[in-house]
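Coordinates from protein14.cif are shown below (mmCIF, C-alpha atoms).
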data_target
loop_
_atom_site.label_atom_id
_atom_site.label_comp_id
_atom_site.auth_asym_id
_atom_site.auth_seq_id
_atom_site.Cartn_x
_atom_site.Cartn_y
_atom_site.Cartn_z
CA MET I 188 -1.85 -35.44 -1.99
CA ALA I 189 -0.10 -34.07 1.11
CA GLU I 190 3.60 -33.41 1.03
CA LYS I 191 5.65 -35.78 3.19
CA ASN I 192 7.96 -33.21 4.81
CA HIS I 193 5.34 -30.66 5.90
CA PRO I 194 3.38 -31.07 9.15
CA GLU I 195 -0.41 -30.98 8.78
CA HIS I 196 -0.70 -27.51 10.35
CA LEU I 197 1.51 -26.08 7.58
CA ARG I 198 -0.57 -27.64 4.77
CA ARG I 199 -4.03 -26.59 5.85
CA GLU I 200 -5.74 -23.29 5.15
CA LEU I 201 -6.11 -20.66 7.87
CA SER I 202 -9.29 -19.40 9.51
CA VAL I 203 -10.00 -15.68 9.63
CA GLY I 204 -9.08 -15.65 13.34
CA GLU I 205 -5.76 -17.36 12.66
CA VAL I 206 -4.93 -14.89 9.87
CA ALA I 207 -5.84 -11.96 12.14
CA ALA I 208 -3.66 -13.29 14.95
CA ARG I 209 -0.70 -14.07 12.69
CA SER I 210 -0.86 -10.84 10.66
CA GLY I 211 -1.68 -8.43 13.47
CA VAL I 212 -4.74 -6.96 11.73
CA ALA I 213 -8.32 -7.07 12.96
CA VAL I 214 -10.84 -9.50 11.52
CA SER I 215 -12.84 -6.51 10.30
CA THR I 216 -9.75 -5.30 8.41
CA LEU I 217 -9.44 -8.69 6.72
CA HIS I 218 -13.07 -8.47 5.65
CA PHE I 219 -12.45 -4.93 4.37
CA TYR I 220 -9.35 -6.05 2.43
CA GLU I 221 -11.41 -8.84 0.91
CA THR I 222 -14.21 -6.50 -0.19
CA LYS I 223 -11.58 -4.25 -1.82
CA GLY I 224 -10.08 -7.21 -3.71
CA LEU I 225 -6.75 -7.09 -1.87
CA ILE I 226 -7.01 -10.65 -0.55
CA LYS I 227 -9.20 -13.66 -1.32
CA SER I 228 -10.67 -16.43 0.75
CA MET I 229 -12.49 -19.64 0.06
CA ARG I 230 -15.47 -21.01 1.97
CA SER I 231 -15.43 -24.20 3.99
CA GLN I 232 -18.29 -26.68 3.95
CA GLY I 233 -19.62 -24.80 6.98
CA ASN I 234 -19.45 -21.52 4.98
CA GLN I 235 -16.51 -20.19 7.02
CA ARG I 236 -13.73 -18.16 5.40
CA ARG I 237 -10.50 -20.04 4.78
CA TYR I 238 -7.32 -18.39 3.55
CA PRO I 239 -4.22 -19.88 1.96
CA ARG I 240 -1.07 -19.41 4.02
CA SER I 241 0.30 -17.10 1.30
CA VAL I 242 -2.25 -14.45 2.37
CA LEU I 243 0.05 -13.60 5.29
CA ARG I 244 2.71 -12.30 2.92
CA ARG I 245 0.13 -10.30 0.96
CA ILE I 246 -1.14 -8.70 4.14
CA ALA I 247 2.42 -7.79 5.15
CA VAL I 248 2.91 -6.10 1.78
CA ILE I 249 -0.40 -4.26 2.12
CA LYS I 250 0.56 -2.96 5.56
CA ILE I 251 3.98 -1.80 4.37
CA ALA I 252 2.53 -0.15 1.28
CA GLN I 253 -0.08 1.66 3.39
CA ARG I 254 2.62 2.95 5.74
CA THR I 255 4.46 4.46 2.79
CA GLY I 256 1.30 6.26 1.71
CA ILE I 257 0.40 4.16 -1.32
CA PRO I 258 -3.39 4.39 -1.79
CA LEU I 259 -5.38 1.17 -1.41
CA ALA I 260 -6.59 1.44 -5.01
CA ASP I 261 -2.95 1.37 -6.21
CA ILE I 262 -2.15 -1.52 -3.88
CA GLN I 263 -5.15 -3.44 -5.22
CA LYS I 264 -4.19 -2.75 -8.83
CA THR I 265 -0.66 -4.00 -8.27
CA LEU I 266 -1.69 -7.07 -6.27
CA SER I 267 -4.29 -8.00 -8.90
CA SER I 268 -1.44 -8.47 -11.37
CA LEU I 269 0.09 -11.18 -9.16
CA PRO I 270 -0.92 -14.85 -9.41
CA ASP I 271 -3.47 -16.31 -6.99
CA ASP I 272 -2.90 -19.95 -7.90
CA ARG I 273 0.60 -20.36 -6.46
CA PRO I 274 2.86 -18.93 -3.76
CA LEU I 275 4.55 -15.75 -4.88
CA MET I 276 8.13 -16.00 -6.02
CA ALA I 277 11.02 -13.55 -5.74
CA SER I 278 10.44 -12.44 -9.34
CA ASP I 279 6.84 -11.51 -8.47
CA TRP I 280 7.98 -9.35 -5.55
CA GLU I 281 10.74 -7.82 -7.66
CA ARG I 282 8.18 -6.71 -10.25
CA LEU I 283 5.91 -5.36 -7.53
CA SER I 284 8.69 -3.32 -5.93
CA ARG I 285 9.81 -2.00 -9.31
CA ASN I 286 6.28 -0.73 -9.95
CA TRP I 287 6.22 1.18 -6.66
CA LYS I 288 9.83 2.38 -6.58
CA ALA I 289 9.40 5.30 -9.00
CA ASP I 290 6.28 6.47 -7.15
CA LEU I 291 8.03 6.24 -3.80
CA ASN I 292 11.07 8.13 -5.10
CA GLU I 293 8.77 10.89 -6.36
CA ARG I 294 7.00 11.04 -2.98
CA ILE I 295 10.33 11.22 -1.17
CA ALA I 296 11.47 14.09 -3.40
CA ARG I 297 8.20 16.00 -2.83
CA LEU I 298 8.33 15.45 0.92
CA THR I 299 11.97 16.53 1.06
CA ALA I 300 11.18 19.70 -0.88
CA LEU I 301 8.20 20.40 1.37
CA ARG I 302 10.28 19.85 4.50
CA ASP I 303 13.01 22.17 3.22
CA GLN I 304 10.54 24.89 2.20
CA LEU I 305 8.70 24.74 5.50
CA THR I 306 11.92 24.90 7.47
CA SER I 307 13.17 27.98 5.64
CA CYS I 308 9.75 29.67 5.55
CA ILE I 309 8.82 29.09 9.18
CA GLY I 310 12.40 29.36 10.42
CA CYS I 311 13.20 32.75 8.85
CA GLY I 312 10.44 34.58 10.73
CA CYS I 313 10.22 37.30 8.08
CA LEU I 314 6.48 36.91 7.56
CA SER I 315 6.97 38.65 4.20
CA MET I 316 3.95 38.13 2.02
CA ASN I 317 5.78 39.82 -0.88
CA ASP I 318 8.74 37.45 -1.07
CA CYS I 319 7.32 34.19 0.23
CA PRO I 320 7.41 31.48 -2.47
CA LEU I 321 4.22 29.97 -1.06
CA ARG I 322 2.08 33.11 -1.31
CA ASN I 323 -0.95 33.29 -3.54
CA PRO I 324 -2.35 36.84 -3.60
CA TYR I 325 -5.99 37.11 -4.61
CA ASP I 326 -6.08 33.33 -5.13
CA ALA I 327 -4.50 33.76 -8.57
CA LEU I 328 -3.34 30.13 -8.63
CA SER I 329 -6.91 28.83 -8.56
CA LYS I 330 -6.89 29.16 -12.35
CA LYS I 331 -4.11 26.56 -12.55
CA GLY I 332 -5.90 23.86 -10.59
CA ALA I 333 -6.97 22.63 -7.19
CA GLY I 334 -4.80 21.95 -4.19
CA ALA I 335 -1.48 23.30 -2.99
CA TYR I 336 -0.32 24.17 -6.50
CA LEU I 337 3.07 25.70 -5.65
CA LEU I 338 4.02 22.76 -3.45
CA GLU I 339 2.89 20.23 -6.04
CA HIS I 340 4.52 22.07 -9.02
CA PRO I 341 7.66 23.67 -7.55
CA ASP I 342 9.38 24.14 -10.92
CA GLU I 343 6.69 26.45 -12.35
#

Just give me the structure as structure tokens.
Amino acid sequence: MAEKNHPEHLRRELSVGEVAARSGVAVSTLHFYETKGLIKSMRSQGNQRRYPRSVLRRIAVIKIAQRTGIPLADIQKTLSSLPDDRPLMASDWERLSRNWKADLNERIARLTALRDQLTSCIGCGCLSMNDCPLRNPYDALSKKGAGAYLLEHPDE
């Protein structure tokens, strides 16, 4: 039964084109998000995708999370813990942000350390391979693991 105080256009589901226009993402991106389990649609009698209005908020969260560098797999994992059968409430978003806050704080700390090391290393101009904290003579750090080991483990 339709609610009395909501116009018809606010009660109905949205087409893929409407979601793309409202969210600012391409239709192909919506299809991609759907294949990755980030959003869900239903099918109309004519087999067209229809989305609940709440998908707009999910897409906004996805876009923000991507901008902060959170991998899509982590976004999907977090969003899969949220309910699909009702609009999301403040407590749902609070839990979501709590899950990401520690990760974001860690990323900020690593980026700050990287920025500060690069500034001092590049800015000093010494080009000293004997004193540089980022040096790795004879690839000795390869035994400790892959990647930029000194940048990822600055306390060792």

Residue nearest I:Lys288 among I:Ala252, I:Leu269, I:Ala260, I:Ile226 (counting only C-alpha atoms): I:Ala252

Between atom CA of I:His340 and atom CA of I:Thr255, distance in Å (one decimal): 21.2 Å

Residue IDs satisfying the PyMOL selection byres ((chain I and resi 242-248) around 9), as JSON, numbers by chain: {"I": [206, 209, 210, 212, 217, 220, 225, 226, 227, 228, 238, 239, 240, 241, 249, 250, 251, 252, 253, 262, 266, 275]}

Among listed residues I:Asp326, I:Glu205, I:Asp261, I:Glu221, nearest I:Asn286 (using all atoms listed in the file): I:Asp261

Nearest candidate to I:Ile257 (options I:Asp303, I:Asp271, I:Asp290, I:Glu200; using all atoms listed in the file): I:Asp290

Coordinates-based distance that separates atom CA of I:Gly224 from atom CA of I:Ser267 (Å, one decimal):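 Taking atom CA of I:Ser267 as the start and atom CA of I:Gly224 as the end point, the length is 7.8 Å.
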
Length of the atom CA of I:Ala208 to atom CA of I:Arg236 vector [Å]: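 Taking atom CA of I:Ala208 as the start and atom CA of I:Arg236 as the end point, the length is 14.7 Å.
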